[in-house]
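Source file: structure_10.cif (mmCIF, C-alpha atoms)
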```cif
data_data
#
loop_
_atom_site.label_atom_id
_atom_site.label_comp_id
_atom_site.auth_asym_id
_atom_site.auth_seq_id
_atom_site.Cartn_x
_atom_site.Cartn_y
_atom_site.Cartn_z
CA MET A 1 126.33 29.05 83.73
CA LYS A 2 129.47 30.49 85.27
CA GLN A 3 128.95 31.13 88.98
CA LEU A 4 132.23 32.63 90.20
CA TYR A 5 134.65 35.18 88.81
CA THR A 6 138.25 35.39 89.96
CA THR A 7 137.46 38.40 92.13
CA ASP A 8 134.80 36.34 93.93
CA VAL A 9 137.32 33.60 94.70
CA HIS A 10 139.66 36.09 96.38
CA LYS A 11 136.88 36.90 98.87
CA LEU A 12 136.28 33.28 99.90
CA PRO A 13 137.76 31.73 103.05
CA GLU A 14 140.63 29.27 102.90
CA GLY A 15 139.49 25.73 102.26
CA SER A 16 136.58 26.68 99.99
CA LYS A 17 136.13 24.36 97.03
CA VAL A 18 135.39 26.23 93.79
CA GLU A 19 135.09 25.93 90.04
CA VAL A 20 136.65 28.67 87.89
CA LEU A 21 136.59 29.17 84.14
CA GLY A 22 138.76 31.39 81.99
CA TRP A 23 141.84 31.71 79.83
CA VAL A 24 145.44 30.71 80.47
CA HIS A 25 147.14 34.07 80.84
CA GLU A 26 150.59 32.93 81.95
CA LEU A 27 152.45 29.68 82.59
CA ARG A 28 155.53 29.48 84.81
CA ASP A 29 157.53 26.33 85.54
CA LEU A 30 159.95 26.74 88.43
CA GLY A 31 160.81 23.06 88.63
CA GLY A 32 159.42 22.06 91.98
CA VAL A 33 156.32 24.18 91.53
CA LYS A 34 154.38 25.33 88.50
CA PHE A 35 151.94 28.24 88.16
CA LEU A 36 149.00 28.81 85.87
CA VAL A 37 147.63 32.36 85.97
CA LEU A 38 143.99 32.12 84.99
CA ARG A 39 142.31 35.24 83.59
CA ASP A 40 138.66 36.10 83.26
CA ARG A 41 136.91 39.40 82.63
CA GLU A 42 137.29 40.48 86.27
CA GLY A 43 140.94 39.68 86.96
CA PHE A 44 143.44 36.92 87.70
CA LEU A 45 143.77 33.84 89.89
CA GLN A 46 146.94 31.85 90.45
CA VAL A 47 146.56 28.08 90.17
CA THR A 48 149.51 26.36 91.86
CA PHE A 49 150.71 22.93 90.74
CA LYS A 50 152.98 21.41 93.40
CA LYS A 51 155.21 18.43 92.63
CA ASP A 52 153.18 16.10 94.87
CA LEU A 53 150.06 16.51 92.71
CA ALA A 54 148.62 13.57 90.80
CA PRO A 55 150.69 12.81 87.65
CA GLU A 56 147.72 13.44 85.35
CA LEU A 57 147.43 17.02 86.65
CA LEU A 58 151.13 17.68 86.07
CA LYS A 59 150.78 16.17 82.60
CA LYS A 60 147.81 18.45 81.93
CA PHE A 61 149.90 21.49 82.90
CA ALA A 62 152.63 20.47 80.44
CA GLU A 63 150.08 20.36 77.62
CA LEU A 64 148.68 23.85 78.21
CA ASN A 65 149.19 26.77 75.82
CA HIS A 66 148.74 30.46 76.47
CA GLU A 67 145.09 31.47 75.89
CA ASP A 68 143.71 27.95 76.20
CA VAL A 69 140.21 28.05 77.67
CA VAL A 70 140.14 26.01 80.88
CA ARG A 71 137.92 24.82 83.70
CA VAL A 72 139.63 24.32 87.04
CA ILE A 73 138.17 22.82 90.21
CA GLY A 74 140.21 23.21 93.35
CA THR A 75 140.63 24.41 96.91
CA VAL A 76 141.22 28.01 97.94
CA ARG A 77 144.42 28.73 99.84
CA LYS A 78 145.51 32.09 101.20
CA ASP A 79 149.09 33.06 100.36
CA PRO A 80 150.31 36.69 100.47
CA ARG A 81 152.86 35.88 97.74
CA ALA A 82 150.11 35.05 95.24
CA PRO A 83 148.43 37.77 93.14
CA GLY A 84 145.57 39.09 95.24
CA GLY A 85 146.72 36.99 98.21
CA THR A 86 144.86 33.88 97.03
CA GLU A 87 145.81 30.78 95.09
CA LEU A 88 143.91 27.71 93.97
CA LEU A 89 145.21 24.18 94.56
CA PRO A 90 143.83 22.19 91.61
CA GLU A 91 142.02 18.89 91.81
CA HIS A 92 140.69 18.86 88.25
CA VAL A 93 141.80 20.72 85.11
CA GLU A 94 139.85 20.52 81.86
CA VAL A 95 140.75 22.19 78.58
CA LEU A 96 137.54 23.42 76.98
CA ALA A 97 139.20 24.93 73.90
CA LYS A 98 142.76 24.95 72.62
CA ALA A 99 144.56 28.06 71.37
CA LYS A 100 147.28 28.06 68.74
CA GLU A 101 150.70 27.32 70.17
CA ILE A 102 152.13 30.45 68.54
CA LEU A 103 149.86 33.49 68.73
CA PRO A 104 150.15 36.64 66.58
CA LEU A 105 149.84 38.84 69.66
CA ASP A 106 151.13 38.61 73.22
CA VAL A 107 148.15 39.14 75.51
CA THR A 108 150.43 39.75 78.51
CA GLU A 109 151.95 42.75 76.65
CA LYS A 110 155.48 41.62 77.50
CA VAL A 111 156.07 41.78 73.76
CA LYS A 112 154.82 45.04 72.25
CA ALA A 113 152.81 45.07 69.03
CA GLU A 114 152.35 47.65 66.30
CA ALA A 115 148.94 49.32 66.11
CA GLU A 116 148.01 47.70 62.80
CA THR A 117 148.88 44.25 64.16
CA ARG A 118 146.78 44.93 67.23
CA PHE A 119 143.73 45.87 65.18
CA ASP A 120 144.26 43.02 62.70
CA TYR A 121 144.00 40.63 65.65
CA ARG A 122 141.54 42.69 67.65
CA VAL A 123 139.99 39.75 69.52
CA LEU A 124 143.36 38.96 71.08
CA ASP A 125 144.06 42.65 71.61
CA LEU A 126 140.79 43.05 73.52
CA ARG A 127 141.89 40.29 75.90
CA ARG A 128 144.77 42.46 77.08
CA PRO A 129 143.81 43.67 80.56
CA ARG A 130 144.68 47.29 79.81
CA ILE A 131 142.61 47.31 76.62
CA HIS A 132 139.77 45.49 78.37
CA ALA A 133 139.80 48.22 81.02
CA ILE A 134 139.02 50.92 78.43
CA PHE A 135 135.74 49.22 77.63
CA ARG A 136 134.77 48.70 81.24
CA VAL A 137 135.14 52.46 81.63
CA ARG A 138 133.13 52.99 78.45
CA ASP A 139 130.38 50.73 79.75
CA ALA A 140 130.16 52.67 83.02
CA LEU A 141 130.26 56.04 81.25
CA VAL A 142 127.34 55.17 78.97
CA GLU A 143 125.38 53.57 81.80
CA GLY A 144 125.79 56.67 83.95
CA MET A 145 124.56 58.86 81.12
CA ARG A 146 121.61 56.59 80.43
CA GLN A 147 120.60 56.56 84.10
CA PHE A 148 120.79 60.35 84.23
CA LEU A 149 118.53 60.76 81.21
CA ARG A 150 116.04 58.28 82.62
CA LYS A 151 115.89 60.19 85.89
CA GLN A 152 115.27 63.40 83.92
CA GLY A 153 112.22 61.83 82.29
CA PHE A 154 113.68 61.10 78.84
CA ILE A 155 112.35 58.22 76.74
CA GLU A 156 114.82 56.01 74.86
CA ILE A 157 114.16 55.83 71.11
CA TYR A 158 115.42 53.75 68.19
CA THR A 159 115.63 55.48 64.82
CA PRO A 160 116.30 54.15 61.29
CA LYS A 161 119.89 53.65 60.23
CA ILE A 162 118.94 53.30 56.55
CA ILE A 163 117.66 56.65 55.34
CA GLY A 164 116.47 58.20 52.10
CA ALA A 165 118.03 61.67 52.51
CA ALA A 166 120.99 63.19 54.31
CA SER A 167 120.13 64.31 57.83
CA GLU A 168 123.05 66.74 57.99
CA GLY A 169 123.33 67.75 54.35
CA GLY A 170 126.72 67.56 52.67
CA ALA A 171 128.35 64.65 50.90
CA GLN A 172 129.66 62.56 53.81
CA LEU A 173 127.27 59.72 53.06
CA PHE A 174 127.66 55.97 52.62
CA PRO A 175 125.28 54.92 49.82
CA VAL A 176 123.52 51.57 50.05
CA LEU A 177 121.26 49.75 47.61
CA TYR A 178 117.75 49.51 49.05
CA TYR A 179 115.59 47.22 46.90
CA GLY A 180 116.94 48.81 43.76
CA LYS A 181 116.76 52.35 45.13
CA GLU A 182 119.55 54.56 46.45
CA ALA A 183 119.60 54.96 50.21
CA PHE A 184 122.23 55.95 52.77
CA LEU A 185 123.56 54.98 56.16
CA SER A 186 122.41 57.48 58.76
CA GLN A 187 124.72 60.39 59.59
CA SER A 188 122.74 60.99 62.78
CA PRO A 189 119.23 60.44 64.17
CA GLN A 190 118.65 64.19 63.85
CA LEU A 191 115.50 64.30 61.74
CA TYR A 192 113.84 61.39 63.48
CA LYS A 193 114.48 62.54 67.01
CA GLN A 194 112.91 65.89 66.06
CA LEU A 195 109.93 64.08 64.54
CA LEU A 196 109.45 62.13 67.76
CA VAL A 197 109.43 65.35 69.78
CA ILE A 198 106.82 66.72 67.36
CA ALA A 199 104.94 63.42 67.73
CA GLY A 200 104.47 64.23 71.40
CA PHE A 201 107.21 62.30 73.20
CA GLU A 202 108.73 65.67 74.24
CA LYS A 203 111.99 64.36 75.79
CA VAL A 204 113.87 61.63 73.91
CA TYR A 205 117.35 60.17 73.61
CA GLU A 206 119.14 57.54 71.58
CA ILE A 207 122.48 55.82 72.13
CA GLY A 208 123.57 54.37 68.83
CA PRO A 209 125.84 54.39 65.78
CA TYR A 210 126.21 57.01 63.09
CA PHE A 211 128.17 56.90 59.86
CA ARG A 212 130.34 59.55 58.19
CA ALA A 213 132.20 58.96 54.91
CA GLU A 214 135.11 61.20 55.86
CA GLU A 215 138.46 60.52 54.21
CA SER A 216 140.14 61.76 57.35
CA HIS A 217 143.28 60.14 58.68
CA THR A 218 143.37 61.89 62.04
CA THR A 219 143.24 60.78 65.66
CA ARG A 220 139.71 62.18 66.05
CA HIS A 221 137.75 60.70 63.14
CA LEU A 222 136.03 57.36 62.61
CA SER A 223 133.75 56.23 59.79
CA GLU A 224 131.39 54.65 62.32
CA SER A 225 130.99 56.18 65.76
CA THR A 226 128.63 56.10 68.72
CA ALA A 227 126.72 59.07 70.09
CA VAL A 228 124.26 59.94 72.80
CA ASP A 229 121.67 62.00 70.95
CA VAL A 230 119.20 64.08 72.98
CA GLU A 231 116.18 66.11 71.88
CA LEU A 232 113.55 67.90 73.97
CA ALA A 233 110.71 70.37 73.70
CA TRP A 234 110.39 73.70 75.50
CA THR A 235 114.09 74.44 75.90
CA SER A 236 116.64 77.22 75.41
CA LEU A 237 120.28 77.41 74.37
CA GLU A 238 121.44 77.89 77.96
CA GLU A 239 119.33 74.97 79.17
CA LEU A 240 120.82 72.71 76.50
CA VAL A 241 124.35 73.59 77.59
CA ASP A 242 123.48 72.94 81.22
CA LEU A 243 121.80 69.63 80.33
CA HIS A 244 124.83 68.41 78.43
CA TYR A 245 127.18 69.38 81.25
CA ARG A 246 125.08 67.52 83.82
CA LEU A 247 124.87 64.52 81.47
CA LEU A 248 128.66 64.43 81.06
CA ALA A 249 129.17 64.86 84.81
CA ALA A 250 126.76 62.01 85.55
CA GLY A 251 128.66 59.69 83.21
CA ILE A 252 132.04 60.56 84.72
CA GLU A 253 130.73 60.28 88.28
CA HIS A 254 129.43 56.79 87.46
CA VAL A 255 132.90 55.87 86.19
CA LEU A 256 134.50 57.18 89.38
CA GLU A 257 132.06 55.18 91.48
CA HIS A 258 132.40 51.86 89.64
CA CYS A 259 135.75 51.80 87.83
CA SER A 260 138.50 52.53 90.35
CA ARG A 261 140.48 49.37 89.55
CA TRP A 262 140.08 49.82 85.81
CA LEU A 263 141.29 53.42 86.07
CA GLU A 264 144.24 52.26 88.17
CA LEU A 265 145.12 49.66 85.55
CA LEU A 266 145.06 52.40 82.90
CA GLY A 267 147.03 54.82 85.07
CA ALA A 268 144.23 57.34 84.55
CA SER A 269 143.32 60.04 87.03
CA ILE A 270 139.98 61.59 86.11
CA ASP A 271 137.52 64.08 87.51
CA VAL A 272 134.41 65.96 86.46
CA PRO A 273 135.63 68.95 84.41
CA GLU A 274 134.86 72.54 85.25
CA LYS A 275 132.44 74.32 82.91
CA VAL A 276 133.50 77.39 80.91
CA VAL A 277 130.98 79.24 78.72
CA LEU A 278 132.16 81.63 75.99
CA ASP A 279 130.48 83.53 73.20
CA PHE A 280 131.83 82.72 69.73
CA GLU A 281 133.66 86.07 69.49
CA GLU A 282 135.24 85.60 72.93
CA ALA A 283 136.57 82.20 71.93
CA LYS A 284 137.87 83.56 68.61
CA GLU A 285 139.79 86.26 70.48
CA ILE A 286 141.56 83.57 72.51
CA THR A 287 142.47 81.54 69.41
CA LYS A 288 143.61 84.44 67.21
CA ARG A 289 147.26 83.36 67.43
CA ALA A 290 146.48 80.14 65.56
CA GLU A 291 148.14 79.76 62.17
CA GLN A 292 145.32 77.52 60.91
CA ARG A 293 142.08 79.43 61.48
CA GLU A 294 138.50 79.06 60.28
CA GLU A 295 136.24 82.07 59.97
CA LEU A 296 132.93 80.42 60.82
CA ASP A 297 134.13 77.55 63.00
CA PHE A 298 137.24 76.42 64.89
CA SER A 299 140.13 74.58 63.31
CA THR A 300 141.84 71.66 65.03
CA GLU A 301 144.60 74.05 66.07
CA GLU A 302 142.11 76.53 67.51
CA GLU A 303 140.39 73.79 69.52
CA LYS A 304 143.77 72.78 70.93
CA ILE A 305 144.49 76.38 71.93
CA LEU A 306 141.21 76.47 73.87
CA GLY A 307 142.28 73.22 75.51
CA GLU A 308 145.62 74.72 76.51
CA GLN A 309 143.94 77.85 77.84
CA PHE A 310 141.36 76.07 79.99
CA GLY A 311 143.10 72.78 80.83
CA ASN A 312 140.75 69.98 81.84
CA SER A 313 137.66 72.18 81.62
CA ILE A 314 134.95 71.74 79.01
CA VAL A 315 134.55 74.94 77.03
CA TYR A 316 131.07 75.62 75.65
CA VAL A 317 131.15 78.05 72.73
CA LEU A 318 127.76 79.67 72.04
CA ARG A 319 126.09 81.43 69.11
CA TYR A 320 128.05 80.30 66.07
CA PRO A 321 127.52 82.05 62.74
CA LEU A 322 124.29 80.66 61.31
CA ALA A 323 125.93 80.00 57.94
CA ALA A 324 128.22 77.43 59.59
CA ARG A 325 125.41 75.43 61.16
CA PRO A 326 122.91 72.92 59.76
CA PHE A 327 119.66 74.07 58.16
CA TYR A 328 117.56 73.18 61.22
CA THR A 329 119.36 75.68 63.50
CA GLN A 330 117.20 78.47 64.95
CA PRO A 331 118.56 81.99 64.24
CA ASP A 332 119.33 84.18 67.24
CA PRO A 333 116.46 86.71 67.44
CA ARG A 334 118.93 89.36 68.65
CA ASN A 335 121.25 88.79 65.70
CA PRO A 336 119.82 86.73 62.80
CA GLU A 337 123.31 86.10 61.41
CA LYS A 338 124.03 84.02 64.50
CA GLY A 339 122.50 80.68 65.38
CA LEU A 340 121.26 79.51 68.76
CA ALA A 341 123.92 76.82 68.59
CA PHE A 342 126.80 75.55 70.69
CA ASP A 343 129.77 73.20 70.65
CA GLY A 344 131.54 71.76 73.67
CA ILE A 345 135.34 71.47 73.46
CA TYR A 346 136.83 69.15 76.08
CA LYS A 347 140.60 69.29 76.57
CA GLY A 348 141.06 70.56 73.03
CA LEU A 349 138.57 68.34 71.18
CA GLU A 350 134.95 68.97 70.22
CA ILE A 351 132.79 66.33 71.91
CA VAL A 352 129.29 67.78 71.49
CA SER A 353 127.34 69.91 69.06
CA GLY A 354 123.80 71.16 69.57
CA SER A 355 121.27 73.90 69.01
CA VAL A 356 117.78 75.19 69.41
CA ARG A 357 115.92 73.98 66.30
CA VAL A 358 113.73 75.78 63.80
CA HIS A 359 110.10 74.91 64.50
CA ASP A 360 108.42 77.19 61.94
CA PRO A 361 107.90 75.33 58.62
CA GLU A 362 108.31 78.43 56.43
CA LEU A 363 111.62 79.34 58.07
CA LEU A 364 112.72 75.72 57.69
CA ARG A 365 111.96 75.76 53.96
CA ARG A 366 113.77 79.07 53.56
CA GLN A 367 116.91 77.85 55.33
CA LEU A 368 116.96 74.69 53.25
CA LYS A 369 116.78 76.75 50.05
CA GLU A 370 119.49 79.13 51.26
CA ARG A 371 121.80 76.13 51.55
CA GLY A 372 120.93 74.93 48.07
CA ILE A 373 118.78 72.04 49.30
CA ASP A 374 115.40 71.32 47.72
CA PRO A 375 112.82 71.12 50.56
CA ALA A 376 111.07 68.37 48.58
CA ARG A 377 113.98 66.06 49.48
CA PHE A 378 112.86 66.36 53.10
CA GLY A 379 109.12 66.38 52.41
CA PHE A 380 108.16 63.94 55.19
CA TYR A 381 110.23 65.97 57.67
CA VAL A 382 109.05 69.46 56.69
CA GLU A 383 105.43 68.30 56.46
CA ALA A 384 105.48 67.27 60.13
CA PHE A 385 106.10 70.89 61.11
CA GLU A 386 102.73 71.78 59.57
CA TYR A 387 101.02 69.72 62.29
CA GLY A 388 102.13 71.97 65.14
CA ALA A 389 105.78 71.68 66.19
CA PRO A 390 106.78 72.82 69.68
CA PRO A 391 109.92 74.89 70.23
CA HIS A 392 112.66 72.33 70.78
CA GLY A 393 116.38 71.67 70.71
CA GLY A 394 118.99 69.04 71.32
CA PHE A 395 122.52 67.81 70.85
CA GLY A 396 124.67 64.83 69.97
CA THR A 397 127.73 63.90 72.01
CA GLY A 398 130.33 61.38 70.84
CA ILE A 399 131.20 58.52 73.17
CA GLU A 400 134.55 57.70 71.57
CA ARG A 401 135.68 61.32 71.71
CA ILE A 402 134.67 61.69 75.35
CA LEU A 403 136.53 58.49 76.23
CA LYS A 404 139.61 59.53 74.26
CA GLN A 405 139.86 62.79 76.19
CA LEU A 406 138.86 61.34 79.55
CA LEU A 407 141.50 58.60 79.45
CA ASN A 408 144.07 60.48 77.34
CA LEU A 409 143.96 57.83 74.62
CA PRO A 410 146.11 58.46 71.54
CA HIS A 411 143.31 57.84 69.02
CA VAL A 412 139.51 57.48 69.00
CA ARG A 413 139.95 54.00 67.49
CA GLU A 414 141.14 52.86 70.94
CA ALA A 415 137.67 53.63 72.33
CA ILE A 416 135.60 51.42 70.00
CA PHE A 417 135.64 47.63 69.81
CA PHE A 418 136.09 47.21 66.06
CA PRO A 419 136.99 50.57 64.46
CA ARG A 420 135.97 51.53 60.96
CA LEU A 421 138.44 53.81 59.19
CA PRO A 422 139.14 54.63 55.53
CA ASN A 423 141.82 51.92 55.52
CA ARG A 424 140.05 49.41 57.79
CA LEU A 425 136.88 47.44 57.11
CA VAL A 426 137.75 44.21 58.97
CA PRO A 427 137.61 42.68 61.48
#
```

Could I get this file's structure written as structure tokens?
Amino acid sequence: MKQLYTTDVHKLPEGSKVEVLGWVHELRDLGGVKFLVLRDREGFLQVTFKKDLAPELLKKFAELNHEDVVRVIGTVRKDPRAPGGTELLPEHVEVLAKAKEILPLDVTEKVKAEAETRFDYRVLDLRRPRIHAIFRVRDALVEGMRQFLRKQGFIEIYTPKIIGAASEGGAQLFPVLYYGKEAFLSQSPQLYKQLLVIAGFEKVYEIGPYFRAEESHTTRHLSESTAVDVELAWTSLEELVDLHYRLLAAGIEHVLEHCSRWLELLGASIDVPEKVVLDFEEAKEITKRAEQREELDFSTEEEKILGEQFGNSIVYVLRYPLAARPFYTQPDPRNPEKGLAFDGIYKGLEIVSGSVRVHDPELLRRQLKERGIDPARFGFYVEAFEYGAPPHGGFGTGIERILKQLLNLPHVREAIFFPRLPNRLVP
């Protein structure tokens, strides 16, 4: 098992003997001295080959290719001219795996690559330090959110990803053949997280994939995405908004605490956003100058206008028209045409959607019928509400969208390891 990363070597005193493992990032031959820059997941270490080294070591250097996987044993030497102020004087070099001499992608990024080329050769692309940094930030963001939910008493759940009926309604479904029957990939864990609240778990969350068959060629859509889905009993609309804001803040604070060097590599300056809360009509008044408008929701242009108006803040829009929300949304008792629902728009992009849920089975059946959905399609779900369902609510927040906005990425595909898009199924 690997014992030391490059960052560990930089902390060791001069004269320490170490073993390092990684990839050949760069090779430089200056005649009298040669340099191998070794890269691992944590950073870089310069391995210096001086002309007085044993001939077999110099021969080994001459045989190296970029991205070869190597094992180097040597002695630590401090030199302010070396990256990180440390170099390794090699005593043994072993090639564990050879890379092609000519690679389809330059990992050092000295030669730029088109986006399609990058995603065709995603494994090489992910080795690029700047691309790698995105996923170290993602890891910290999700971990911070998970820790927050744990501290709040939430239980992590795992729901089916092969389902028999649409959880969100609509036609954005990927059909699959399930032992001769038609089934679908899950659009969200919505129905099952509600069932688990009804089953008595009260406060649950899931971090996992969801699938949407959207023929959208935009910078904000993926066919497979990741969300943090939260559901809890005994809650209100205002409490849900506050919970999401604290969840987002916890994730970003964890990034700030653990990812300073990755943020520096990305040139990203981030902070916890301010919170703005608007009623639906208030938000519509702000976006009325938009050319592309939606009556019951917000168009892409309208979301961008809210982003321009409130900068880096997250804007929570409350009480959407009930007709625009899913069948499980609880009507506002003060105005039944409105739903106790919210969206959160962060720097011009919706990153969360949530609501208080219907917990009365008769109202649930009625709202299904009003949307042209036969309640029998959701028999197992509706039946559970006959067993005593507590008032409850929840939300789903998209990891790729949060990361896109947080790091100012050009496209959500940059925030997922292997993106699935209408024109991309591999790798």

Inset, instruction - I would like the residues chosen by the PyMOL selection byres ((chain A and resi 171-181) around 9) on the shown file; could you give them as a list in words? - result: Ile162, Ala166, Glu168, Gly169, Gly170, Glu182, Ala183, Phe184, Leu185, Ser186, Gln187, Phe211, Arg212, Ala213 and Glu214 of chain A

Inset, instruction - State, in Å with one decimal place, the distance from atom CA of A:Ile207 to atom CA of A:Val412. - result: 17.4 Å

Legend entry - Point-to-point distance from atom CA of A:Ile102 to atom CA of A:His66, Å rounded to tenths: 8.6 Å

Target residues per the PyMOL selection byres ((chain A and resi 203) around 8), formatted as a PDB file with C-alpha atoms, keeping the file's coordinate frame:
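Writing done, so here's result09.pdb:
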```pdb
ATOM      1  CA  GLY A 153     112.220  61.830  82.290  1.00  0.00           C
ATOM      2  CA  PHE A 154     113.680  61.100  78.840  1.00  0.00           C
ATOM      3  CA  ILE A 155     112.350  58.220  76.740  1.00  0.00           C
ATOM      4  CA  VAL A 197     109.430  65.350  69.780  1.00  0.00           C
ATOM      5  CA  PHE A 201     107.210  62.300  73.200  1.00  0.00           C
ATOM      6  CA  GLU A 202     108.730  65.670  74.240  1.00  0.00           C
ATOM      7  CA  VAL A 204     113.870  61.630  73.910  1.00  0.00           C
ATOM      8  CA  TYR A 205     117.350  60.170  73.610  1.00  0.00           C
ATOM      9  CA  VAL A 230     119.200  64.080  72.980  1.00  0.00           C
ATOM     10  CA  GLU A 231     116.180  66.110  71.880  1.00  0.00           C
ATOM     11  CA  LEU A 232     113.550  67.900  73.970  1.00  0.00           C
ATOM     12  CA  ALA A 233     110.710  70.370  73.700  1.00  0.00           C
TER      13      ALA A 233
END
```

Legend entry - Between atom CA of A:Gly348 and atom CA of A:Lys275, distance in Å (one decimal): 13.6 Å

Inset, instruction - Enumerate, as a VMD selection string, the residues matched when the PyMOL selection byres ((chain A and resi 106) around 12) is run on the file above. - result: chain A and resid 25 to 26 66 to 67 101 to 105 107 to 114 117 to 118 121 to 129

Inset, instruction - Pick out the closest residue to A:Thr75 from this set: A:Leu12, A:Ser355, A:Leu191, A:Asp120. Count all atoms listed in the file. - result: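 Checking each of A:Leu12, A:Ser355, A:Leu191, A:Asp120 against A:Thr75, counting all atoms listed in the file, the winner is A:Leu12.
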
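Closest approach to A:Thr397 from the set A:Gly208, A:Gly379, A:Gly200, A:Pro55 is made by A:Gly208, with distances taken over all atoms listed in the file.
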
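Residue nearest A:Leu263, chosen from A:Leu27, A:Ala115, A:Leu407, A:Leu243 and counting only C-alpha atoms: A:Leu407.
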
Legend entry - Distance query A:Gly398 at most 10 Å, only C-alpha atoms, self and fewer than 4 positions along chain excluded, as an MDAnalysis selection string: chainID A and resid 207:210 225:229 350:353 402:403

Inset, instruction - Find the residue from A:Asp29, A:Asp8, A:Glu370, A:Asp360 that sits nearest to A:Tyr387; use all atoms listed in the file when measuring. - result: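 Of all the options, A:Asp360 lies closest to A:Tyr387.
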
Determine, using all atoms listed in the file, which residues of stretch 310-370 of chain A have any atom at most 7 Å from an atom of stretch 283-298 of chain A, and tabulate each with its shortest atom pair and distance in Å to one decimal place, rows ordered by chain and then rising number, as a Markdown table.
```
| residue | atom | partner | partner_atom | distance |
| --- | --- | --- | --- | --- |
| A:Val317 | CA | A:Ala283 | CA | 6.9 |
| A:Pro321 | CA | A:Leu296 | CA | 6.0 |
| A:Ala324 | CA | A:Leu296 | CA | 5.7 |
```
